[in-house]
file structure_31.pdb (PDB, C-alpha atoms)
MODEL        1
ATOM      1  CA  MET A  20      20.710 -15.153  -9.929
ATOM      2  CA  SER A  21      19.350 -13.870  -6.658
ATOM      3  CA  GLY A  22      19.745 -15.870  -3.439
ATOM      4  CA  LEU A  23      16.729 -18.012  -4.355
ATOM      5  CA  CYS A  24      16.217 -20.943  -6.707
ATOM      6  CA  VAL A  25      14.267 -20.155  -9.877
ATOM      7  CA  ASP A  26      10.985 -21.714  -8.665
ATOM      8  CA  THR A  27      11.023 -19.812  -5.385
ATOM      9  CA  GLU A  28      12.048 -16.611  -7.108
ATOM     10  CA  THR A  29       9.089 -16.968  -9.484
ATOM     11  CA  MET A  30       6.677 -17.595  -6.601
ATOM     12  CA  VAL A  31       7.986 -14.599  -4.675
ATOM     13  CA  THR A  32       7.883 -12.364  -7.752
ATOM     14  CA  GLU A  33       4.306 -13.337  -8.591
ATOM     15  CA  ALA A  34       3.135 -12.928  -4.989
ATOM     16  CA  LEU A  35       4.800  -9.562  -4.654
ATOM     17  CA  ASP A  36       3.560  -8.282  -8.009
ATOM     18  CA  ALA A  37      -0.020  -9.275  -7.141
ATOM     19  CA  SER A  38       0.295  -7.625  -3.741
ATOM     20  CA  VAL A  39       1.755  -4.355  -5.086
ATOM     21  CA  ARG A  40      -1.030  -4.040  -7.674
ATOM     22  CA  GLU A  41      -3.748  -4.982  -5.201
ATOM     23  CA  THR A  42      -2.497  -2.538  -2.572
ATOM     24  CA  PHE A  43      -2.418   0.400  -4.981
ATOM     25  CA  GLU A  44      -5.660  -0.405  -6.747
ATOM     26  CA  MET A  45      -7.617  -1.162  -3.573
ATOM     27  CA  MET A  46      -6.378   1.737  -1.510
ATOM     28  CA  THR A  47      -6.140   4.507  -4.123
ATOM     29  CA  GLY A  48      -8.201   3.313  -7.094
ATOM     30  CA  LYS A  49      -5.146   3.926  -9.287
ATOM     31  CA  THR A  50      -3.652   1.421 -11.672
ATOM     32  CA  ILE A  51       0.101   1.023 -11.737
ATOM     33  CA  VAL A  52       1.979  -0.416 -14.690
ATOM     34  CA  HIS A  53       4.562  -3.163 -14.201
ATOM     35  CA  SER A  54       7.400  -2.255 -16.538
ATOM     36  CA  GLY A  55       9.946  -4.928 -15.718
ATOM     37  CA  THR A  56      11.529  -7.454 -13.373
ATOM     38  CA  ARG A  57      15.240  -8.132 -13.275
ATOM     39  CA  VAL A  58      17.934  -9.558 -11.088
ATOM     40  CA  MET A  59      20.365  -6.885  -9.983
ATOM     41  CA  ASP A  60      23.802  -8.082 -11.112
ATOM     42  CA  SER A  61      25.560  -5.298  -9.346
ATOM     43  CA  PHE A  62      24.467  -2.510  -7.110
ATOM     44  CA  PRO A  63      26.187   0.816  -6.571
ATOM     45  CA  LEU A  64      28.219   0.959  -3.424
ATOM     46  CA  VAL A  65      27.347   3.778  -1.083
ATOM     47  CA  LYS A  66      29.865   6.490  -1.821
ATOM     48  CA  LYS A  67      30.280   9.976  -0.479
ATOM     49  CA  GLU A  68      29.333  11.587  -3.780
ATOM     50  CA  LEU A  69      25.980   9.821  -3.645
ATOM     51  CA  GLN A  70      25.063  11.403  -0.318
ATOM     52  CA  VAL A  71      22.744  13.959  -1.878
ATOM     53  CA  PRO A  72      18.957  14.099  -1.897
ATOM     54  CA  ASP A  73      17.655  11.856  -4.641
ATOM     55  CA  GLY A  74      13.959  12.684  -4.479
ATOM     56  CA  GLN A  75      12.943   9.216  -3.369
ATOM     57  CA  VAL A  76      11.558   7.568  -0.242
ATOM     58  CA  THR A  77      12.051   3.908   0.667
ATOM     59  CA  VAL A  78      10.277   1.627   3.102
ATOM     60  CA  VAL A  79      12.215  -1.459   4.164
ATOM     61  CA  VAL A  80      10.402  -4.418   5.724
ATOM     62  CA  GLY A  81      12.335  -7.337   7.164
ATOM     63  CA  LEU A  82      11.145 -10.913   6.741
ATOM     64  CA  SER A  83      11.967 -14.083   8.631
ATOM     65  CA  GLY A  84      10.745 -17.660   8.400
ATOM     66  CA  LEU A  85      11.720 -20.182   5.727
ATOM     67  CA  LEU A  86      12.838 -17.197   3.660
ATOM     68  CA  GLN A  87      14.773 -14.385   5.268
ATOM     69  CA  GLY A  88      15.825 -10.953   4.167
ATOM     70  CA  SER A  89      13.945  -7.822   3.241
ATOM     71  CA  VAL A  90      11.613  -6.180   0.785
ATOM     72  CA  SER A  91      12.229  -2.508   0.011
ATOM     73  CA  VAL A  92       9.641  -0.378  -1.740
ATOM     74  CA  CYS A  93      11.248   2.721  -3.197
ATOM     75  CA  VAL A  94       9.080   5.508  -4.630
ATOM     76  CA  ASP A  95       9.689   8.892  -6.209
ATOM     77  CA  GLU A  96       8.557  11.654  -3.839
ATOM     78  CA  PRO A  97       5.527  12.565  -6.027
ATOM     79  CA  VAL A  98       4.314   8.965  -5.622
ATOM     80  CA  ALA A  99       4.784   9.201  -1.834
ATOM     81  CA  LEU A 100       2.837  12.464  -1.705
ATOM     82  CA  SER A 101       0.001  11.292  -3.946
ATOM     83  CA  TRP A 102      -0.254   7.940  -2.093
ATOM     84  CA  THR A 103      -0.672   9.859   1.184
ATOM     85  CA  ARG A 104      -3.159  12.287  -0.362
ATOM     86  CA  ASP A 105      -5.250   9.459  -1.832
ATOM     87  CA  LEU A 106      -5.122   7.459   1.369
ATOM     88  CA  ILE A 107      -5.919  10.063   4.025
ATOM     89  CA  GLN A 108      -6.394  13.370   2.163
ATOM     90  CA  HIS A 109      -3.187  14.764   3.616
ATOM     91  CA  GLU A 110      -1.941  17.618   1.422
ATOM     92  CA  SER A 111       1.792  18.280   1.591
ATOM     93  CA  GLN A 112       4.473  19.498  -0.789
ATOM     94  CA  GLU A 113       7.195  17.674   1.096
ATOM     95  CA  VAL A 114       7.801  14.418   2.913
ATOM     96  CA  ASP A 115       6.632  15.070   6.465
ATOM     97  CA  GLN A 116       5.883  12.671   9.312
ATOM     98  CA  VAL A 117       2.397  11.877   7.994
ATOM     99  CA  VAL A 118       3.879  10.914   4.608
ATOM    100  CA  VAL A 119       6.477   8.763   6.373
ATOM    101  CA  ASP A 120       3.692   7.009   8.310
ATOM    102  CA  ALA A 121       1.687   6.463   5.118
ATOM    103  CA  ILE A 122       4.707   5.042   3.309
ATOM    104  CA  GLY A 123       5.328   2.754   6.275
ATOM    105  CA  GLU A 124       1.762   1.529   5.868
ATOM    106  CA  LEU A 125       2.372   0.982   2.134
ATOM    107  CA  GLY A 126       5.299  -1.312   2.986
ATOM    108  CA  ASN A 127       3.250  -3.099   5.604
ATOM    109  CA  MET A 128       0.378  -3.804   3.215
ATOM    110  CA  VAL A 129       2.556  -4.810   0.244
ATOM    111  CA  VAL A 130       4.665  -7.215   2.286
ATOM    112  CA  GLY A 131       1.638  -8.424   4.263
ATOM    113  CA  GLY A 132      -0.096  -9.261   0.983
ATOM    114  CA  MET A 133       2.977 -11.091  -0.263
ATOM    115  CA  LYS A 134       3.239 -13.020   3.000
ATOM    116  CA  GLY A 135      -0.379 -14.143   2.712
ATOM    117  CA  ARG A 136       0.303 -15.491  -0.779
ATOM    118  CA  LEU A 137       3.406 -17.378   0.370
ATOM    119  CA  SER A 138       1.961 -19.097   3.427
ATOM    120  CA  ASP A 139       4.079 -22.246   2.864
ATOM    121  CA  PHE A 140       7.164 -20.232   3.833
ATOM    122  CA  GLN A 141       5.722 -19.342   7.274
ATOM    123  CA  LEU A 142       6.912 -15.769   6.952
ATOM    124  CA  LYS A 143       6.891 -13.238   9.746
ATOM    125  CA  ILE A 144       7.249  -9.560   8.986
ATOM    126  CA  GLY A 145       9.031  -6.903  11.007
ATOM    127  CA  LEU A 146       8.101  -3.297  11.605
ATOM    128  CA  PRO A 147       8.740  -1.093   8.568
ATOM    129  CA  CYS A 148      11.623   1.356   8.497
ATOM    130  CA  VAL A 149      11.349   4.393   6.211
ATOM    131  CA  LEU A 150      14.474   5.875   4.610
ATOM    132  CA  LEU A 151      14.384   9.381   3.159
ATOM    133  CA  THR A 152      16.384   8.246   0.170
ATOM    134  CA  GLY A 153      16.161   5.845  -2.734
ATOM    135  CA  LYS A 154      17.856   3.365  -5.021
ATOM    136  CA  THR A 155      21.224   5.083  -5.233
ATOM    137  CA  HIS A 156      21.664   4.783  -1.489
ATOM    138  CA  LEU A 157      20.646   1.161  -1.069
ATOM    139  CA  ALA A 158      23.220  -1.606  -0.839
ATOM    140  CA  PHE A 159      22.811  -5.299  -0.130
ATOM    141  CA  PRO A 160      25.099  -8.065   1.152
ATOM    142  CA  THR A 161      26.677 -10.126  -1.628
ATOM    143  CA  ASN A 162      24.927 -13.296  -0.458
ATOM    144  CA  CYS A 163      21.557 -11.593  -0.744
ATOM    145  CA  GLN A 164      21.573  -9.769  -4.079
ATOM    146  CA  PRO A 165      18.102  -8.418  -4.817
ATOM    147  CA  PHE A 166      15.869  -8.661  -7.810
ATOM    148  CA  GLU A 167      13.913  -5.606  -8.793
ATOM    149  CA  LEU A 168      10.314  -5.104  -9.862
ATOM    150  CA  GLU A 169       9.761  -1.818 -11.630
ATOM    151  CA  TYR A 170       6.429   0.032 -11.920
ATOM    152  CA  LYS A 171       5.235   3.327 -13.295
ATOM    153  CA  CYS A 172       2.664   5.352 -11.381
ATOM    154  CA  GLU A 173       1.432   8.470 -13.200
ATOM    155  CA  GLY A 174       4.826   8.790 -14.898
ATOM    156  CA  ASN A 175       6.834   8.334 -11.699
ATOM    157  CA  ASN A 176       8.820   5.352 -10.470
ATOM    158  CA  LEU A 177       7.930   2.717  -7.946
ATOM    159  CA  LEU A 178      10.655   0.128  -7.459
ATOM    160  CA  VAL A 179      10.526  -2.975  -5.302
ATOM    161  CA  PHE A 180      13.775  -4.672  -4.256
ATOM    162  CA  VAL A 181      13.496  -8.214  -2.975
ATOM    163  CA  ALA A 182      16.572  -9.480  -1.159
ATOM    164  CA  LEU A 183      15.745 -12.911   0.220
ATOM    165  CA  SER A 184      17.539 -16.164   0.783
ATOM    166  CA  LYS A 185      16.275 -19.549   1.879
ATOM    167  CA  CYS A 186      16.675 -20.288   5.547
ATOM    168  CA  HIS A 187      18.105 -23.783   6.107
ATOM    169  CA  VAL A 188      16.669 -25.321   9.248
TER     170      VAL A 188
ATOM    171  CA  MET B 252     -23.900   3.286  16.115
ATOM    172  CA  LYS B 253     -20.645   3.443  18.095
ATOM    173  CA  VAL B 254     -17.468   1.616  17.089
ATOM    174  CA  LEU B 255     -14.214   1.008  18.957
ATOM    175  CA  LEU B 256     -11.406   1.085  16.375
ATOM    176  CA  VAL B 257      -8.081  -0.412  17.456
ATOM    177  CA  ASP B 258      -4.939  -0.137  15.314
ATOM    178  CA  ASP B 259      -1.407   0.962  16.149
ATOM    179  CA  SER B 260      -1.141   2.749  12.802
ATOM    180  CA  GLY B 261      -2.578   6.262  12.917
ATOM    181  CA  VAL B 262      -2.771   6.229   9.118
ATOM    182  CA  MET B 263      -4.842   3.056   9.128
ATOM    183  CA  ARG B 264      -7.139   4.415  11.854
ATOM    184  CA  LYS B 265      -7.741   7.519   9.730
ATOM    185  CA  ILE B 266      -8.570   5.418   6.651
ATOM    186  CA  ILE B 267     -10.966   3.146   8.521
ATOM    187  CA  ALA B 268     -12.580   5.938  10.565
ATOM    188  CA  ARG B 269     -13.216   7.961   7.417
ATOM    189  CA  GLY B 270     -14.756   4.886   5.780
ATOM    190  CA  LEU B 271     -16.984   4.193   8.791
ATOM    191  CA  ASN B 272     -18.097   7.808   9.146
ATOM    192  CA  SER B 273     -19.250   7.825   5.522
ATOM    193  CA  LEU B 274     -21.491   4.822   6.286
ATOM    194  CA  TRP B 275     -23.953   4.482   9.175
ATOM    195  CA  VAL B 276     -21.520   4.757  12.073
ATOM    196  CA  ASP B 277     -22.191   7.750  14.330
ATOM    197  CA  GLU B 278     -19.123   7.630  16.543
ATOM    198  CA  VAL B 279     -15.665   6.076  16.250
ATOM    199  CA  VAL B 280     -13.534   5.785  19.385
ATOM    200  CA  GLU B 281      -9.871   5.157  18.551
ATOM    201  CA  ALA B 282      -7.238   3.167  20.455
ATOM    202  CA  ALA B 283      -3.634   2.369  19.511
ATOM    203  CA  ASP B 284      -3.351  -1.069  21.153
ATOM    204  CA  GLY B 285      -5.282  -3.607  23.207
ATOM    205  CA  VAL B 286      -4.495  -1.929  26.525
ATOM    206  CA  GLU B 287      -5.838   1.437  25.334
ATOM    207  CA  ALA B 288      -8.808  -0.358  23.831
ATOM    208  CA  LEU B 289      -9.756  -2.074  27.089
ATOM    209  CA  ALA B 290      -9.498   1.253  28.930
ATOM    210  CA  ALA B 291     -11.721   2.955  26.340
ATOM    211  CA  PHE B 292     -14.158   0.029  26.289
ATOM    212  CA  GLY B 293     -14.761   0.090  30.056
ATOM    213  CA  ASP B 294     -17.858  -1.948  30.770
ATOM    214  CA  GLY B 295     -18.742  -1.867  27.079
ATOM    215  CA  THR B 296     -21.801   0.323  27.483
ATOM    216  CA  GLY B 297     -22.783   2.019  24.248
ATOM    217  CA  PHE B 298     -20.419   0.170  21.929
ATOM    218  CA  ASP B 299     -21.952  -1.715  19.004
ATOM    219  CA  LEU B 300     -18.810  -3.105  17.369
ATOM    220  CA  ILE B 301     -15.062  -3.522  17.859
ATOM    221  CA  LEU B 302     -12.752  -3.357  14.841
ATOM    222  CA  THR B 303      -9.230  -4.426  15.690
ATOM    223  CA  ASP B 304      -5.881  -4.961  14.035
ATOM    224  CA  TRP B 305      -3.911  -8.106  14.969
ATOM    225  CA  ASN B 306      -0.275  -7.066  15.384
ATOM    226  CA  MET B 307       0.051  -4.281  17.925
ATOM    227  CA  PRO B 308       2.392  -3.505  20.834
ATOM    228  CA  ASN B 309       1.475  -4.067  24.512
ATOM    229  CA  MET B 310      -1.613  -6.180  23.807
ATOM    230  CA  ASN B 311      -2.333  -7.579  20.350
ATOM    231  CA  GLY B 312      -5.725  -7.987  18.719
ATOM    232  CA  LEU B 313      -6.059 -11.657  19.541
ATOM    233  CA  GLU B 314      -5.390 -11.002  23.240
ATOM    234  CA  LEU B 315      -7.886  -8.140  23.150
ATOM    235  CA  ILE B 316     -10.596 -10.389  21.696
ATOM    236  CA  GLN B 317      -9.872 -13.047  24.305
ATOM    237  CA  ALA B 318     -10.128 -10.426  27.074
ATOM    238  CA  ILE B 319     -13.419  -9.047  25.731
ATOM    239  CA  ARG B 320     -14.976 -12.485  25.263
ATOM    240  CA  GLY B 321     -13.526 -13.664  28.589
ATOM    241  CA  ALA B 322     -15.413 -10.845  30.293
ATOM    242  CA  GLY B 323     -18.636 -12.122  28.736
ATOM    243  CA  HIS B 324     -19.235  -9.375  26.168
ATOM    244  CA  LYS B 325     -21.217 -10.534  23.142
ATOM    245  CA  LEU B 326     -20.918  -7.534  20.832
ATOM    246  CA  PRO B 327     -19.594  -8.215  17.314
ATOM    247  CA  ILE B 328     -15.837  -8.026  16.800
ATOM    248  CA  MET B 329     -14.192  -7.770  13.390
ATOM    249  CA  MET B 330     -10.490  -8.150  12.755
ATOM    250  CA  ILE B 331      -8.852  -5.946  10.106
ATOM    251  CA  THR B 332      -5.344  -7.190   9.450
ATOM    252  CA  THR B 333      -2.718  -8.208   6.910
ATOM    253  CA  GLU B 334      -2.675 -11.685   8.531
ATOM    254  CA  SER B 335      -4.532 -13.708   5.910
ATOM    255  CA  GLU B 336      -3.255 -17.270   6.361
ATOM    256  CA  LYS B 337      -5.945 -19.862   7.050
ATOM    257  CA  SER B 338      -4.349 -20.843  10.373
ATOM    258  CA  GLN B 339      -4.451 -17.223  11.550
ATOM    259  CA  VAL B 340      -8.083 -16.788  10.534
ATOM    260  CA  LEU B 341      -8.971 -19.968  12.435
ATOM    261  CA  LEU B 342      -7.157 -18.704  15.531
ATOM    262  CA  ALA B 343      -9.135 -15.478  15.381
ATOM    263  CA  ILE B 344     -12.434 -17.335  14.958
ATOM    264  CA  GLN B 345     -11.581 -19.579  17.911
ATOM    265  CA  ALA B 346     -10.907 -16.458  19.978
ATOM    266  CA  GLY B 347     -14.392 -15.186  19.169
ATOM    267  CA  VAL B 348     -14.101 -12.885  16.186
ATOM    268  CA  ASN B 349     -17.294 -12.512  14.104
ATOM    269  CA  ASP B 350     -15.750 -11.414  10.832
ATOM    270  CA  TYR B 351     -12.404 -10.785   9.220
ATOM    271  CA  LEU B 352     -11.239  -8.142   6.725
ATOM    272  CA  VAL B 353      -7.814  -8.460   5.123
ATOM    273  CA  LYS B 354      -5.758  -5.358   4.313
ATOM    274  CA  PRO B 355      -5.628  -3.883   1.750
ATOM    275  CA  PHE B 356      -9.353  -3.300   1.315
ATOM    276  CA  ASP B 357     -11.563  -0.763  -0.394
ATOM    277  CA  GLN B 358     -14.626   1.099   0.809
ATOM    278  CA  GLU B 359     -16.975  -1.397  -0.843
ATOM    279  CA  MET B 360     -15.408  -4.302   1.066
ATOM    280  CA  LEU B 361     -15.568  -2.372   4.353
ATOM    281  CA  GLN B 362     -19.241  -1.604   3.748
ATOM    282  CA  MET B 363     -20.041  -5.227   2.875
ATOM    283  CA  LYS B 364     -18.353  -6.517   6.027
ATOM    284  CA  LEU B 365     -19.982  -3.858   8.200
ATOM    285  CA  GLU B 366     -23.387  -4.762   6.779
ATOM    286  CA  ARG B 367     -22.824  -8.344   7.924
ATOM    287  CA  VAL B 368     -22.000  -7.519  11.527
ATOM    288  CA  ILE B 369     -24.081  -4.397  12.171
ATOM    289  CA  PRO B 370     -26.651  -3.823   9.407
ATOM    290  CA  ASN B 371     -27.590  -0.310   8.427
ATOM    291  CA  PRO B 372     -30.557   0.528  10.708
ATOM    292  CA  GLN B 373     -32.182   2.553   7.945
ATOM    293  CA  THR B 374     -32.329  -0.380   5.539
ATOM    294  CA  ALA B 375     -32.690  -3.248   8.038
TER     295      ALA B 375
ENDMDL
END
call {"tool": "encode", "arguments": {"input": "structure_31.pdb", "output": "structure tokens"}}
result
Amino acid sequence: MSGLCVDTETMVTEALDASVRETFEMMTGKTIVHSGTRVMDSFPLVKKELQVPDGQVTVVVGLSGLLQGSVSVCVDEPVALSWTRDLIQHESQEVDQVVVDAIGELGNMVVGGMKGRLSDFQLKIGLPCVLLTGKTHLAFPTNCQPFELEYKCEGNNLLVFVALSKCHV
Amino acid sequence: MKVLLVDDSGVMRKIIARGLNSLWVDEVVEAADGVEALAAFGDGTGFDLILTDWNMPNMNGLELIQAIRGAGHKLPIMMITTESEKSQVLLAIQAGVNDYLVKPFDQEMLQMKLERVIPNPQTA
């Protein structure tokens, strides 16, 4: 189980899935394929041997309100580059500042769309933070184990990690 | 047709400006927050529309709308934002916004909204 009850987890998953699809389809005209959702039982600890480039980029967006935690959207570099190209016609073979900005905007739109679908939770979103790394370098507190939504975009990976817990007020 | 486009995201400004330039907008003036927008707006002469994001540093979109309306300007203002909750939309309407476009959006939606606030002069 993640840090949420089953009903809330289902609502969050559905809202996020709808938002991810909508963001990609609206902004790029591309369809992405949802290939699975699962609760992460264990996550690799960050170890020295993992400190190598992994060909992924991650945008992390913090959330507060009646749910608190973060949503991380992790994409293979080809997805980051094609997203940026489709969005603003920026051609690059590597992740530069424009790609970082575009990936930040991806996180903003995905989490913004989720927030709009979960208005009962009165969510507020923070500014996105982009990490030049991916899944193997992410770790989460034990009280906030994420669940993962997995997508395929033109043969490459797009992963969404949702690490939320209910805020007791 | 001249539009003042206000968004703290350079990526989003590029997307929207490109969309507007492919329609019937002649000139897009960009600003990164409400303070820059007010400076660019001046006395408002020549502007036909303001498109603004909500969440921005220094002065947000809602404060910008209130400042523009408070100064008596009647030109159309459209908000383009991820804030889609009913309460937020109502706040924006109360502040004087004419229309509201939720991100993400596609070119067709941008065109439809633009048509409502400043119709294409060639087809009007």
call {"tool": "residues_around", "arguments": {"input": "structure_31.pdb", "residues": "Thr152 (chain A)", "least_positions_apart": "6", "cutoff": "8 Å", "atoms": "only C-alpha atoms", "output": "PyMOL selection string"}}
result
chain A and resi 72-77
call {"tool": "write_last_selection", "arguments": {"input": "structure_31.pdb", "atoms": "C-alpha atoms", "output": "JSON list (two decimals), in the coordinates of the input"}}
result
[["chain", "number", "residue", "atom", "x", "y", "z"],
["A", 72, "PRO", "CA", 18.96, 14.10, -1.90],
["A", 73, "ASP", "CA", 17.66, 11.86, -4.64],
["A", 74, "GLY", "CA", 13.96, 12.68, -4.48],
["A", 75, "GLN", "CA", 12.94, 9.22, -3.37],
["A", 76, "VAL", "CA", 11.56, 7.57, -0.24],
["A", 77, "THR", "CA", 12.05, 3.91, 0.67]]
call {"tool": "closest_residue", "arguments": {"input": "structure_31.pdb", "among": "A:Glu113, A:Val118, A:Met133, A:Thr103", "to": "Pro355 (chain B)", "atoms": "all atoms listed in the file"}}
result
A:Met133
call {"tool": "atom_distance", "arguments": {"input": "structure_31.pdb", "atom1": "CA of Gly321 (chain B)", "atom2": "CA of Ala343 (chain B)"}}
result
14.0 Å
call {"tool": "residues_around", "arguments": {"input": "structure_31.pdb", "residues": "region 166-176 of chain A", "least_positions_apart": "4", "cutoff": "9 Å", "atoms": "all atoms listed in the file", "output": "PDB file with C-alpha atoms, in the coordinates of the input"}}
result
ATOM      1  CA  MET A  20      20.710 -15.153  -9.929  1.00  0.00           C
ATOM      2  CA  SER A  21      19.350 -13.870  -6.658  1.00  0.00           C
ATOM      3  CA  GLU A  28      12.048 -16.611  -7.108  1.00  0.00           C
ATOM      4  CA  THR A  32       7.883 -12.364  -7.752  1.00  0.00           C
ATOM      5  CA  LEU A  35       4.800  -9.562  -4.654  1.00  0.00           C
ATOM      6  CA  ASP A  36       3.560  -8.282  -8.009  1.00  0.00           C
ATOM      7  CA  LYS A  49      -5.146   3.926  -9.287  1.00  0.00           C
ATOM      8  CA  THR A  50      -3.652   1.421 -11.672  1.00  0.00           C
ATOM      9  CA  ILE A  51       0.101   1.023 -11.737  1.00  0.00           C
ATOM     10  CA  VAL A  52       1.979  -0.416 -14.690  1.00  0.00           C
ATOM     11  CA  HIS A  53       4.562  -3.163 -14.201  1.00  0.00           C
ATOM     12  CA  SER A  54       7.400  -2.255 -16.538  1.00  0.00           C
ATOM     13  CA  GLY A  55       9.946  -4.928 -15.718  1.00  0.00           C
ATOM     14  CA  THR A  56      11.529  -7.454 -13.373  1.00  0.00           C
ATOM     15  CA  ARG A  57      15.240  -8.132 -13.275  1.00  0.00           C
ATOM     16  CA  VAL A  58      17.934  -9.558 -11.088  1.00  0.00           C
ATOM     17  CA  MET A  59      20.365  -6.885  -9.983  1.00  0.00           C
ATOM     18  CA  ASP A  60      23.802  -8.082 -11.112  1.00  0.00           C
ATOM     19  CA  CYS A  93      11.248   2.721  -3.197  1.00  0.00           C
ATOM     20  CA  VAL A  94       9.080   5.508  -4.630  1.00  0.00           C
ATOM     21  CA  ASP A  95       9.689   8.892  -6.209  1.00  0.00           C
ATOM     22  CA  GLU A  96       8.557  11.654  -3.839  1.00  0.00           C
ATOM     23  CA  PRO A  97       5.527  12.565  -6.027  1.00  0.00           C
ATOM     24  CA  VAL A  98       4.314   8.965  -5.622  1.00  0.00           C
ATOM     25  CA  PHE A 180      13.775  -4.672  -4.256  1.00  0.00           C
ATOM     26  CA  VAL A 181      13.496  -8.214  -2.975  1.00  0.00           C
ATOM     27  CA  ALA A 182      16.572  -9.480  -1.159  1.00  0.00           C
TER      28      ALA A 182
END
call {"tool": "resolve_selection", "arguments": {"input": "structure_31.pdb", "expression": "the ChimeraX specification (/B :<8) & /A", "output": "ChimeraX atom specification"}}
result
/A:41-42,45-46,106-107,117,120-121,124,127-128,131-132,135,138
call {"tool": "residues_around", "arguments": {"input": "structure_31.pdb", "residues": "Val257 (chain B)", "least_positions_apart": "3", "cutoff": "10 Å", "atoms": "only C-alpha atoms", "output": "ChimeraX atom specification"}}
result
/B:254,260-261,263-264,280-289,301-305,307,311-312,315,330-331
call {"tool": "write_last_selection", "arguments": {"input": "structure_31.pdb", "atoms": "C-alpha atoms", "output": "short mmCIF file (atom, residue, chain, number, x, y, z; two decimals), keeping the file's coordinate frame"}}
result
data_model
loop_
_atom_site.label_atom_id
_atom_site.label_comp_id
_atom_site.auth_asym_id
_atom_site.auth_seq_id
_atom_site.Cartn_x
_atom_site.Cartn_y
_atom_site.Cartn_z
CA VAL B 254 -17.47 1.62 17.09
CA SER B 260 -1.14 2.75 12.80
CA GLY B 261 -2.58 6.26 12.92
CA MET B 263 -4.84 3.06 9.13
CA ARG B 264 -7.14 4.42 11.85
CA VAL B 280 -13.53 5.78 19.39
CA GLU B 281 -9.87 5.16 18.55
CA ALA B 282 -7.24 3.17 20.45
CA ALA B 283 -3.63 2.37 19.51
CA ASP B 284 -3.35 -1.07 21.15
CA GLY B 285 -5.28 -3.61 23.21
CA VAL B 286 -4.50 -1.93 26.52
CA GLU B 287 -5.84 1.44 25.33
CA ALA B 288 -8.81 -0.36 23.83
CA LEU B 289 -9.76 -2.07 27.09
CA ILE B 301 -15.06 -3.52 17.86
CA LEU B 302 -12.75 -3.36 14.84
CA THR B 303 -9.23 -4.43 15.69
CA ASP B 304 -5.88 -4.96 14.04
CA TRP B 305 -3.91 -8.11 14.97
CA MET B 307 0.05 -4.28 17.92
CA ASN B 311 -2.33 -7.58 20.35
CA GLY B 312 -5.72 -7.99 18.72
CA LEU B 315 -7.89 -8.14 23.15
CA MET B 330 -10.49 -8.15 12.76
CA ILE B 331 -8.85 -5.95 10.11
#
call {"tool": "atom_distance", "arguments": {"input": "structure_31.pdb", "atom1": "CA of Asp294 (chain B)", "atom2": "CA of Ala318 (chain B)"}}
result
12.1 Å
call {"tool": "closest_residue", "arguments": {"input": "structure_31.pdb", "among": "A:Val80, A:Leu178, A:Leu86, A:Val129", "to": "Gly153 (chain A)", "atoms": "all atoms listed in the file"}}
result
A:Leu178
call {"tool": "atom_distance", "arguments": {"input": "structure_31.pdb", "atom1": "CA of Gln317 (chain B)", "atom2": "CA of Leu352 (chain B)"}}
result
18.3 Å
call {"tool": "resolve_selection", "arguments": {"input": "structure_31.pdb", "expression": "the PyMOL selection byres ((chain B and resi 372) around 12)", "output": "ChimeraX atom specification"}}
result
/B:252,274-277,365-366,368-371,373-375
call {"tool": "axis_aligned_box", "arguments": {"input": "structure_31.pdb", "around": "region 265-270 of chain B", "padding_each_side": "4 Å", "output": "AutoDock Vina command-line options"}}
result
--center_x -11.2 --center_y 5.6 --center_z 8.2 --size_x 15.0 --size_y 12.8 --size_z 12.8
call {"tool": "residues_near_point", "arguments": {"input": "structure_31.pdb", "point": "(11.7, 4.5, 9.6)", "cutoff": "10 Å", "atoms": "all atoms listed in the file", "output": "MDAnalysis selection string"}}
result
chainID A and resid 77:80 119:120 122:123 146:151
call {"tool": "closest_residue", "arguments": {"input": "structure_31.pdb", "among": "B:Gly297, B:Leu341, B:Asp258, B:Ala290", "to": "Ile319 (chain B)", "atoms": "all atoms listed in the file"}}
result
B:Ala290
